[in-house]
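Colleague: Structure file run_8.pdb, PDB, C-alpha atoms, is pasted below:
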```
ATOM      1  CA  ARG A  19      63.757 -23.538 -15.628
ATOM      2  CA  LEU A  20      60.523 -22.743 -17.525
ATOM      3  CA  CYS A  21      61.848 -23.715 -20.959
ATOM      4  CA  PRO A  22      62.126 -27.492 -20.224
ATOM      5  CA  GLU A  23      58.544 -27.473 -18.842
ATOM      6  CA  ALA A  24      57.255 -25.671 -21.944
ATOM      7  CA  MET A  25      59.046 -28.096 -24.239
ATOM      8  CA  GLU A  26      57.610 -31.042 -22.302
ATOM      9  CA  ASN A  27      54.078 -29.654 -22.719
ATOM     10  CA  LEU A  28      54.657 -29.201 -26.448
ATOM     11  CA  LEU A  29      55.818 -32.812 -26.766
ATOM     12  CA  ILE A  30      52.709 -34.029 -24.922
ATOM     13  CA  ALA A  31      50.455 -31.974 -27.229
ATOM     14  CA  GLN A  32      52.308 -33.259 -30.301
ATOM     15  CA  HIS A  33      51.937 -36.872 -29.170
ATOM     16  CA  ARG A  34      48.218 -36.381 -28.485
ATOM     17  CA  ASP A  35      47.652 -34.855 -31.937
ATOM     18  CA  SER A  36      49.603 -37.686 -33.575
ATOM     19  CA  LEU A  37      47.391 -40.290 -31.894
ATOM     20  CA  ARG A  38      44.216 -38.448 -32.917
ATOM     21  CA  TYR A  39      45.400 -38.128 -36.541
ATOM     22  CA  ALA A  40      46.222 -41.849 -36.673
ATOM     23  CA  HIS A  41      42.789 -42.716 -35.229
ATOM     24  CA  ILE A  42      40.921 -40.539 -37.747
ATOM     25  CA  ARG A  43      42.901 -41.903 -40.718
ATOM     26  CA  SER A  44      42.672 -45.542 -39.638
ATOM     27  CA  GLY A  45      39.303 -46.117 -41.322
ATOM     28  CA  ASP A  46      37.566 -47.136 -38.071
ATOM     29  CA  TYR A  47      36.684 -43.577 -37.127
ATOM     30  CA  THR A  48      33.006 -42.580 -37.350
ATOM     31  CA  PRO A  49      32.073 -38.959 -36.606
ATOM     32  CA  LYS A  50      29.598 -38.524 -33.788
ATOM     33  CA  ARG A  51      26.103 -37.839 -35.102
ATOM     34  CA  LEU A  52      24.358 -34.825 -33.652
ATOM     35  CA  LYS A  53      20.702 -35.235 -32.815
ATOM     36  CA  PHE A  54      18.785 -31.996 -32.365
ATOM     37  CA  GLU A  55      15.487 -31.958 -30.490
ATOM     38  CA  VAL A  56      12.883 -29.308 -29.737
ATOM     39  CA  GLY A  57      13.941 -27.325 -26.685
ATOM     40  CA  ASP A  58      17.693 -27.751 -27.219
ATOM     41  CA  PHE A  59      19.952 -24.702 -27.298
ATOM     42  CA  VAL A  60      22.376 -24.149 -30.157
ATOM     43  CA  TYR A  61      24.873 -21.726 -31.639
ATOM     44  CA  THR A  62      24.769 -20.736 -35.302
ATOM     45  CA  GLN A  63      27.722 -20.489 -37.662
ATOM     46  CA  HIS A  64      29.058 -17.211 -39.027
ATOM     47  CA  SER A  65      27.964 -16.843 -42.645
ATOM     48  CA  ASN A  66      31.225 -15.150 -43.612
ATOM     49  CA  GLN A  67      34.468 -15.222 -41.674
ATOM     50  CA  HIS A  68      36.925 -12.437 -42.321
ATOM     51  CA  SER A  69      39.901 -14.190 -40.707
ATOM     52  CA  GLY A  70      40.895 -17.451 -39.085
ATOM     53  CA  LEU A  71      40.959 -15.701 -35.709
ATOM     54  CA  GLN A  72      37.229 -15.011 -35.854
ATOM     55  CA  PRO A  73      35.138 -17.596 -33.925
ATOM     56  CA  GLN A  74      33.153 -19.938 -36.141
ATOM     57  CA  ALA A  75      30.035 -19.649 -33.981
ATOM     58  CA  LYS A  76      28.065 -16.510 -33.223
ATOM     59  CA  PRO A  77      27.768 -15.637 -29.522
ATOM     60  CA  ALA A  78      23.946 -15.658 -29.555
ATOM     61  CA  ILE A  79      22.299 -18.741 -28.022
ATOM     62  CA  LEU A  80      19.069 -19.844 -29.725
ATOM     63  CA  ARG A  81      16.410 -22.347 -28.745
ATOM     64  CA  ILE A  82      15.041 -24.949 -31.183
ATOM     65  CA  LYS A  83      11.310 -24.500 -31.771
ATOM     66  CA  GLU A  84      10.881 -26.998 -34.608
ATOM     67  CA  VAL A  85      12.934 -29.725 -36.340
ATOM     68  CA  ARG A  86      11.882 -30.295 -39.949
ATOM     69  CA  PRO A  87      12.458 -33.531 -41.915
ATOM     70  CA  SER A  88      14.562 -31.592 -44.439
ATOM     71  CA  GLY A  89      17.168 -30.983 -41.744
ATOM     72  CA  ARG A  90      16.275 -27.349 -41.183
ATOM     73  CA  LEU A  91      15.831 -25.991 -37.662
ATOM     74  CA  ILE A  92      13.400 -23.253 -36.646
ATOM     75  CA  LEU A  93      15.246 -21.303 -33.962
ATOM     76  CA  GLN A  94      14.038 -18.648 -31.536
ATOM     77  CA  GLY A  95      16.145 -16.106 -29.695
ATOM     78  CA  LYS A  96      15.459 -14.598 -26.288
ATOM     79  CA  CYS A  97      14.039 -11.559 -28.061
ATOM     80  CA  GLY A  98      11.384 -13.801 -29.664
ATOM     81  CA  SER A  99      12.684 -13.494 -33.222
ATOM     82  CA  ILE A 100      12.591 -16.607 -35.438
ATOM     83  CA  LEU A 101      15.462 -17.923 -37.582
ATOM     84  CA  ASP A 102      15.593 -20.749 -40.115
ATOM     85  CA  ARG A 103      18.966 -22.560 -40.293
ATOM     86  CA  HIS A 104      20.149 -25.953 -41.526
ATOM     87  CA  MET A 105      21.449 -28.249 -38.792
ATOM     88  CA  SER A 106      24.865 -28.327 -40.502
ATOM     89  CA  GLN A 107      25.174 -24.627 -39.558
ATOM     90  CA  CYS A 108      24.338 -25.241 -35.892
ATOM     91  CA  ALA A 109      26.363 -26.480 -32.926
ATOM     92  CA  PRO A 110      24.925 -27.647 -29.595
ATOM     93  CA  CYS A 111      25.174 -25.383 -26.558
ATOM     94  CA  HIS A 112      25.894 -27.269 -23.317
ATOM     95  CA  LEU A 113      25.528 -24.313 -20.939
ATOM     96  CA  PRO A 114      22.896 -24.704 -18.167
ATOM     97  CA  ILE A 115      20.116 -22.274 -19.122
ATOM     98  CA  ASN A 116      17.148 -21.912 -16.768
ATOM     99  CA  ASP A 117      15.756 -18.535 -17.861
ATOM    100  CA  LEU A 118      13.354 -19.348 -20.713
ATOM    101  CA  ALA A 119      11.417 -16.069 -20.590
ATOM    102  CA  LEU A 120      11.308 -13.988 -23.768
ATOM    103  CA  ASP A 121      12.261 -10.311 -23.838
ATOM    104  CA  ALA A 122      10.866  -8.662 -26.959
ATOM    105  CA  SER A 123      12.616  -5.362 -26.143
ATOM    106  CA  LEU A 124      15.908  -6.966 -27.246
ATOM    107  CA  ALA A 125      14.693  -7.462 -30.802
ATOM    108  CA  LEU A 126      16.440  -5.519 -33.549
ATOM    109  CA  LYS A 127      14.529  -6.135 -36.772
ATOM    110  CA  PRO A 128      16.389  -5.217 -39.971
ATOM    111  CA  VAL A 129      14.878  -3.161 -42.738
ATOM    112  CA  GLY A 130      12.967  -5.327 -45.191
ATOM    113  CA  THR A 131      11.602  -7.944 -42.791
ATOM    114  CA  MET A 132      10.623 -11.115 -44.623
ATOM    115  CA  CYS A 133       7.438 -13.109 -44.174
ATOM    116  CA  GLU A 134       7.792 -16.127 -41.896
ATOM    117  CA  GLN A 135       5.536 -18.192 -44.165
ATOM    118  CA  CYS A 136       6.695 -17.461 -47.736
ATOM    119  CA  SER A 137      10.064 -15.763 -46.995
ATOM    120  CA  GLY A 138       9.052 -12.871 -49.255
ATOM    121  CA  LYS A 139      10.097  -9.316 -48.394
ATOM    122  CA  GLU A 140       7.712  -7.419 -50.672
ATOM    123  CA  SER A 141       5.037  -5.505 -48.785
ATOM    124  CA  THR A 142       2.269  -4.015 -50.922
ATOM    125  CA  ALA A 143      -0.964  -2.181 -50.194
ATOM    126  CA  GLU A 144      -2.947  -5.293 -51.152
ATOM    127  CA  ASP A 145      -0.738  -7.706 -49.218
ATOM    128  CA  PRO A 146       1.213  -5.833 -46.507
ATOM    129  CA  ILE A 147       3.566  -7.490 -44.021
ATOM    130  CA  LEU A 148       2.318  -7.366 -40.430
ATOM    131  CA  LEU A 149       4.811  -7.216 -37.575
ATOM    132  CA  CYS A 150       3.897  -9.130 -34.436
ATOM    133  CA  ASP A 151       3.704  -6.739 -31.485
ATOM    134  CA  PHE A 152       5.383  -9.316 -29.219
ATOM    135  CA  CYS A 153       8.157 -11.005 -31.244
ATOM    136  CA  ASP A 154       8.402  -8.583 -34.228
ATOM    137  CA  ALA A 155       8.135 -11.456 -36.741
ATOM    138  CA  GLY A 156       6.693 -10.535 -40.155
ATOM    139  CA  TRP A 157       3.671 -12.150 -41.827
ATOM    140  CA  HIS A 158       1.850 -11.312 -45.056
ATOM    141  CA  VAL A 159      -1.864 -10.828 -44.411
ATOM    142  CA  GLN A 160      -2.589 -13.300 -47.243
ATOM    143  CA  CYS A 161      -0.199 -15.907 -45.761
ATOM    144  CA  LEU A 162      -2.188 -16.116 -42.526
ATOM    145  CA  ASP A 163      -4.737 -18.851 -41.925
ATOM    146  CA  PRO A 164      -7.356 -17.513 -42.318
ATOM    147  CA  PRO A 165      -6.104 -14.553 -44.403
ATOM    148  CA  LEU A 166      -6.815 -11.018 -43.223
ATOM    149  CA  SER A 167      -8.440  -8.398 -45.409
ATOM    150  CA  GLY A 168      -6.185  -5.636 -44.081
ATOM    151  CA  VAL A 169      -4.105  -4.365 -41.203
ATOM    152  CA  PRO A 170      -5.931  -5.024 -37.888
ATOM    153  CA  GLU A 171      -6.417  -2.217 -35.421
ATOM    154  CA  GLY A 172      -4.587  -2.275 -32.102
ATOM    155  CA  ASP A 173      -2.059  -4.882 -31.013
ATOM    156  CA  TRP A 174      -1.649  -8.042 -33.092
ATOM    157  CA  LEU A 175      -0.138 -11.408 -32.170
ATOM    158  CA  CYS A 176       1.282 -13.731 -34.807
ATOM    159  CA  PRO A 177       0.262 -17.436 -35.047
ATOM    160  CA  ARG A 178       3.429 -18.615 -33.300
ATOM    161  CA  CYS A 179       2.876 -16.334 -30.293
ATOM    162  CA  LEU A 180      -0.754 -17.448 -30.086
ATOM    163  CA  LEU A 181       0.424 -21.071 -30.215
ATOM    164  CA  ASP A 182       2.918 -20.341 -27.411
ATOM    165  CA  GLY A 183       0.065 -18.986 -25.285
ATOM    166  CA  ILE A 184       1.115 -15.337 -25.215
ATOM    167  CA  THR A 185      -1.713 -13.351 -23.612
ATOM    168  CA  GLN A 186      -2.746  -9.725 -23.964
ATOM    169  CA  THR A 187      -1.511  -9.119 -20.410
ATOM    170  CA  GLN A 188       1.971 -10.297 -21.365
ATOM    171  CA  LEU A 189       1.833  -8.192 -24.515
ATOM    172  CA  GLN A 190       0.903  -5.055 -22.563
ATOM    173  CA  ALA A 191       3.698  -5.722 -20.062
ATOM    174  CA  LYS A 192       6.225  -6.087 -22.894
ATOM    175  CA  SER A 193       4.986  -2.899 -24.537
ATOM    176  CA  ALA A 194       5.389  -0.981 -21.273
ATOM    177  CA  HIS A 195       8.864  -2.433 -20.732
ATOM    178  CA  ARG A 196       9.822  -1.631 -24.323
ATOM    179  CA  SER A 197       8.829   2.024 -23.872
ATOM    180  CA  VAL A 198      10.982   2.278 -20.741
ATOM    181  CA  VAL A 199      13.959   0.713 -22.527
ATOM    182  CA  LYS A 200      13.449   3.098 -25.439
ATOM    183  CA  GLN A 201      13.642   6.040 -23.029
ATOM    184  CA  LEU A 202      16.802   4.653 -21.437
ATOM    185  CA  ARG A 203      18.429   4.197 -24.849
ATOM    186  CA  ALA A 204      17.474   7.674 -26.010
ATOM    187  CA  PRO A 205      20.529   9.831 -26.762
ATOM    188  CA  VAL A 206      21.481  12.239 -24.005
ATOM    189  CA  ASN A 207      21.874  15.899 -24.888
ATOM    190  CA  LEU A 208      25.571  16.470 -24.211
ATOM    191  CA  TYR A 209      25.243  20.226 -24.700
ATOM    192  CA  PRO A 210      22.204  21.316 -22.643
ATOM    193  CA  ASP A 211      21.290  24.977 -22.662
ATOM    194  CA  LYS A 212      20.990  27.103 -19.530
ATOM    195  CA  GLN A 213      17.265  26.435 -19.078
ATOM    196  CA  MET A 214      17.786  22.678 -19.379
ATOM    197  CA  ARG A 215      20.609  22.749 -16.825
ATOM    198  CA  GLN A 216      18.342  24.617 -14.424
ATOM    199  CA  ARG A 217      15.623  21.978 -14.821
ATOM    200  CA  ASP A 218      18.179  19.212 -14.188
ATOM    201  CA  ALA A 219      19.379  20.939 -11.022
ATOM    202  CA  ALA A 220      15.800  21.494  -9.788
ATOM    203  CA  ALA A 221      14.969  17.845 -10.400
ATOM    204  CA  GLN A 222      18.066  16.709  -8.498
ATOM    205  CA  GLN A 223      16.927  18.718  -5.468
ATOM    206  CA  LEU A 224      13.830  16.524  -5.177
ATOM    207  CA  HIS A 225      15.880  13.372  -4.581
ATOM    208  CA  GLY A 226      14.775  11.735  -1.350
ATOM    209  CA  ARG A 227      11.517  13.658  -0.914
ATOM    210  CA  LEU A 228       8.457  11.767   0.279
ATOM    211  CA  VAL A 229       5.258  11.586  -1.761
ATOM    212  CA  LEU A 230       1.724  10.551  -0.878
ATOM    213  CA  GLN A 231      -0.558   9.391  -3.691
ATOM    214  CA  ASN A 232      -3.904   7.612  -3.812
ATOM    215  CA  PHE A 233      -4.079   4.221  -5.521
ATOM    216  CA  LEU A 234      -6.713   1.517  -5.722
ATOM    217  CA  ASP A 235      -6.336  -1.011  -2.899
ATOM    218  CA  PRO A 236      -6.432  -4.523  -4.446
ATOM    219  CA  VAL A 237      -8.175  -5.925  -1.350
ATOM    220  CA  THR A 238     -10.817  -3.338  -0.503
ATOM    221  CA  LYS A 239     -11.168  -2.060  -4.110
ATOM    222  CA  ARG A 240     -11.113   1.477  -2.745
ATOM    223  CA  LEU A 241      -8.666   4.341  -3.058
ATOM    224  CA  ARG A 242      -6.188   4.706  -0.225
ATOM    225  CA  PRO A 243      -3.000   6.776   0.178
ATOM    226  CA  TYR A 244       0.362   5.118  -0.476
ATOM    227  CA  TRP A 245       3.681   6.539   0.715
ATOM    228  CA  GLY A 246       6.681   6.642  -1.602
ATOM    229  CA  ARG A 247      10.147   8.140  -1.936
ATOM    230  CA  VAL A 248      11.542  10.011  -4.924
ATOM    231  CA  HIS A 249      14.723   8.651  -6.492
ATOM    232  CA  TYR A 250      16.436  10.976  -8.959
ATOM    233  CA  VAL A 251      17.786   8.743 -11.750
ATOM    234  CA  GLY A 252      19.686  11.359 -13.749
ATOM    235  CA  GLU A 253      19.541  13.628 -16.780
ATOM    236  CA  GLN A 254      19.810  10.600 -19.090
ATOM    237  CA  ARG A 255      16.122   9.985 -18.281
ATOM    238  CA  ARG A 256      15.083  13.534 -19.080
ATOM    239  CA  PRO A 257      12.209  14.475 -18.757
ATOM    240  CA  ARG A 258      11.233  11.388 -16.701
ATOM    241  CA  TYR A 259      13.873  12.104 -14.083
ATOM    242  CA  PHE A 260      12.415  10.106 -11.199
ATOM    243  CA  ASP A 261      11.613   6.594 -10.037
ATOM    244  CA  ILE A 262       9.227   6.559  -7.081
ATOM    245  CA  HIS A 263       9.387   3.486  -4.831
ATOM    246  CA  PHE A 264       6.069   2.977  -3.045
ATOM    247  CA  GLU A 265       5.399   1.073   0.157
ATOM    248  CA  ASP A 266       3.697  -1.832  -1.660
ATOM    249  CA  GLY A 267       6.839  -2.466  -3.751
ATOM    250  CA  ASP A 268       5.631  -0.826  -6.973
ATOM    251  CA  VAL A 269       7.994   1.511  -8.850
ATOM    252  CA  TYR A 270       6.792   4.150 -11.321
ATOM    253  CA  ASP A 271       8.651   6.736 -13.364
ATOM    254  CA  TYR A 272       7.566  10.389 -13.160
ATOM    255  CA  THR A 273       8.288  13.729 -14.747
ATOM    256  CA  MET A 274       8.751  16.922 -12.768
ATOM    257  CA  SER A 275       5.171  18.076 -13.370
ATOM    258  CA  GLU A 276       3.762  14.648 -12.483
ATOM    259  CA  VAL A 277       5.558  14.347  -9.137
ATOM    260  CA  LYS A 278       4.960  17.866  -7.805
ATOM    261  CA  PRO A 279       1.264  17.419  -6.818
ATOM    262  CA  TYR A 280       2.175  14.539  -4.475
ATOM    263  CA  LEU A 281       5.299  15.977  -2.823
ATOM    264  CA  GLN A 282       5.201  16.294   0.953
ATOM    265  CA  PRO A 283       6.833  19.195   2.817
ATOM    266  CA  VAL A 284      10.568  19.007   3.469
ATOM    267  CA  GLY A 285      11.265  17.249   6.760
ATOM    268  CA  THR A 286       8.172  15.035   6.622
ATOM    269  CA  SER A 287       8.735  11.622   8.219
ATOM    270  CA  LEU A 288       7.073   8.327   7.466
ATOM    271  CA  PRO A 289       4.186   7.388   9.743
ATOM    272  CA  ALA A 290       4.784   4.673  12.299
ATOM    273  CA  GLY A 291       4.539   1.214  10.793
ATOM    274  CA  VAL A 292       5.178   2.333   7.210
ATOM    275  CA  THR A 293       8.359   1.088   5.543
ATOM    276  CA  LEU A 294       9.626   1.624   2.012
ATOM    277  CA  PRO A 295      11.649  -0.886  -0.055
ATOM    278  CA  ASN A 296      15.418  -0.174  -0.067
ATOM    279  CA  ASP A 297      14.805   2.841   2.188
ATOM    280  CA  SER A 298      17.619   1.862   4.574
ATOM    281  CA  GLU A 299      20.050   1.929   1.655
ATOM    282  CA  PHE A 300      18.831   5.399   0.674
ATOM    283  CA  ILE A 301      19.148   6.689   4.249
ATOM    284  CA  GLY A 302      22.712   5.336   4.378
ATOM    285  CA  GLN A 303      23.569   7.183   1.172
ATOM    286  CA  ALA A 304      21.990  10.388   2.475
ATOM    287  CA  SER A 305      23.863  10.221   5.790
ATOM    288  CA  SER A 306      27.219   9.545   4.081
ATOM    289  CA  SER A 307      26.713  12.473   1.701
ATOM    290  CA  THR A 308      25.799  14.714   4.650
ATOM    291  CA  THR A 309      28.896  13.593   6.538
ATOM    292  CA  GLY A 310      31.089  14.237   3.476
TER     293      GLY A 310
END
```
Reformat the file's structure so that it appears as structure tokens.

Modeller:
Amino acid sequence: RLCPEAMENLLIAQHRDSLRYAHIRSGDYTPKRLKFEVGDFVYTQHSNQHSGLQPQAKPAILRIKEVRPSGRLILQGKCGSILDRHMSQCAPCHLPINDLALDASLALKPVGTMCEQCSGKESTAEDPILLCDFCDAGWHVQCLDPPLSGVPEGDWLCPRCLLDGITQTQLQAKSAHRSVVKQLRAPVNLYPDKQMRQRDAAAQQLHGRLVLQNFLDPVTKRLRPYWGRVHYVGEQRRPRYFDIHFEDGDVYDYTMSEVKPYLQPVGTSLPAGVTLPNDSEFIGQASSSTTG
């Protein structure tokens, strides 16, 4: 019963391909011209394909930052890195994309980063390559306008990030997020010794404990105590085992020595009127584990 249906589908596909071939070879066929504009999203072509089964386009979606008269496109990824590709190597992406925020922690810069201005990779003592602390793009100090005499102290933003309006506040937030991601990606010790296992077990015992810590009140500009609950994340975050969720919605990561001064006695309850984010979910987990 299925064979006639399959053969019918094959005949339909063959007829469709025959019509398309005749249309292309008729002489009246004109390929559709692609017009790329700033803000469009595109895919880039694989530079080398190992087999015909490999997709022609890379999975990464890039945003067009600049269209040059020579036909070259300046592309930017979500990590903030910049690529230079000819439009013949790009294909439009028609997916609806609303999240335009950059995430510099996703950047993976290869060894030998080239300068965005001159495309050179040589970094010397007289003309070193600076890496932007937000997008990780490389720039020779002599290729900047105006040129720099040396490596600046502290954080440095490249001309493109300054043009995009990246502020020091955004840079500090990205640096903090990058450090957290680096901790999460750190390799876990699969063979902990006895002392390490004891520390892991002691840290797990603190899960669910209440803490009370003084923070600056944004309204009164004075210190006041904030309640929070300890969430044990796991040994993969060693030594920063814990995330503490405070009543104002802030979440901070702590080590064992950092959390101990603020721990409240076992059995302490929250004062009336104080609620913690996601605390009902935690209580449900605690009650189910107690029941089990």

Colleague: Figure out the distance between atom CA of A:Phe233 and atom CA of A:Leu281, please, to one decimal in Å.

Modeller: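 About the pair atom CA of A:Leu281 and atom CA of A:Phe233: they are 15.3 Å apart.
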
Colleague: Specify as a list of chain:residue names each residue included when the PyMOL selection byres ((chain A and resi 106-116) around 7) is applied to this file.

Modeller: A:Phe59, A:Val60, A:Tyr61, A:Thr62, A:Gln63, A:Arg103, A:His104, A:Met105, A:Asp117, A:Leu118

Colleague: Write the residues of the preceding selection, restricted to C-alpha atoms, as an mmCIF file, keeping the file's coordinate frame.

Modeller:
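Wrote it out as out.cif, contents follow:
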```
data_model
loop_
_atom_site.group_PDB
_atom_site.id
_atom_site.type_symbol
_atom_site.label_atom_id
_atom_site.label_comp_id
_atom_site.auth_asym_id
_atom_site.auth_seq_id
_atom_site.Cartn_x
_atom_site.Cartn_y
_atom_site.Cartn_z
ATOM 1 C CA PHE A 59 19.952 -24.702 -27.298
ATOM 2 C CA VAL A 60 22.376 -24.149 -30.157
ATOM 3 C CA TYR A 61 24.873 -21.726 -31.639
ATOM 4 C CA THR A 62 24.769 -20.736 -35.302
ATOM 5 C CA GLN A 63 27.722 -20.489 -37.662
ATOM 6 C CA ARG A 103 18.966 -22.560 -40.293
ATOM 7 C CA HIS A 104 20.149 -25.953 -41.526
ATOM 8 C CA MET A 105 21.449 -28.249 -38.792
ATOM 9 C CA ASP A 117 15.756 -18.535 -17.861
ATOM 10 C CA LEU A 118 13.354 -19.348 -20.713
#
```

Colleague: Tell me, in Å to one decimal, how far atom CA of A:Tyr259 is from atom CA of A:Arg217.

Modeller: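 Atom CA of A:Tyr259 sits 10.1 Å away from atom CA of A:Arg217.
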
Colleague: So the first atom is atom CA of A:Ile147 and the second is atom CA of A:Ala78; what is the distance between them in Å, to one decimal place?

Modeller: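 About the pair atom CA of A:Ile147 and atom CA of A:Ala78: they are 26.3 Å apart.
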
Colleague: Have a look at A:Arg90, A:Thr185, A:Ser137, A:Cys97 and name the one nearest to A:Asp154; count all atoms listed in the file.

Modeller: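 Residue with the minimum atom-to-atom distance to A:Asp154: A:Cys97.
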
Colleague: Please identify all polymer residues within 12 Å of A:Cys136, counting all atoms listed in the file, omitting same-chain residues fewer than 2 positions from it, and present them as number ranges by chain.

Modeller: A: 131-134, 138-140, 147, 156-162

Colleague: For the provided coordinates, the residues matched by the PyMOL selection byres ((chain A and resi 235-246) around 7) should be stated as a PyMOL selection string.

Modeller: chain A and resi 228-234+247-248+262-265+294

Colleague: Could you write out as a short mmCIF file (atom, residue, chain, number, x, y, z; two decimals) with C-alpha atoms, keeping the file's coordinate frame the residues that the PyMOL selection byres ((chain A and resi 144) around 9) matches in the shown file?

Modeller:
```
data_model
loop_
_atom_site.label_atom_id
_atom_site.label_comp_id
_atom_site.auth_asym_id
_atom_site.auth_seq_id
_atom_site.Cartn_x
_atom_site.Cartn_y
_atom_site.Cartn_z
CA SER A 141 5.04 -5.50 -48.78
CA THR A 142 2.27 -4.01 -50.92
CA ALA A 143 -0.96 -2.18 -50.19
CA ASP A 145 -0.74 -7.71 -49.22
CA PRO A 146 1.21 -5.83 -46.51
CA VAL A 159 -1.86 -10.83 -44.41
CA GLN A 160 -2.59 -13.30 -47.24
CA SER A 167 -8.44 -8.40 -45.41
CA GLY A 168 -6.18 -5.64 -44.08
#
```
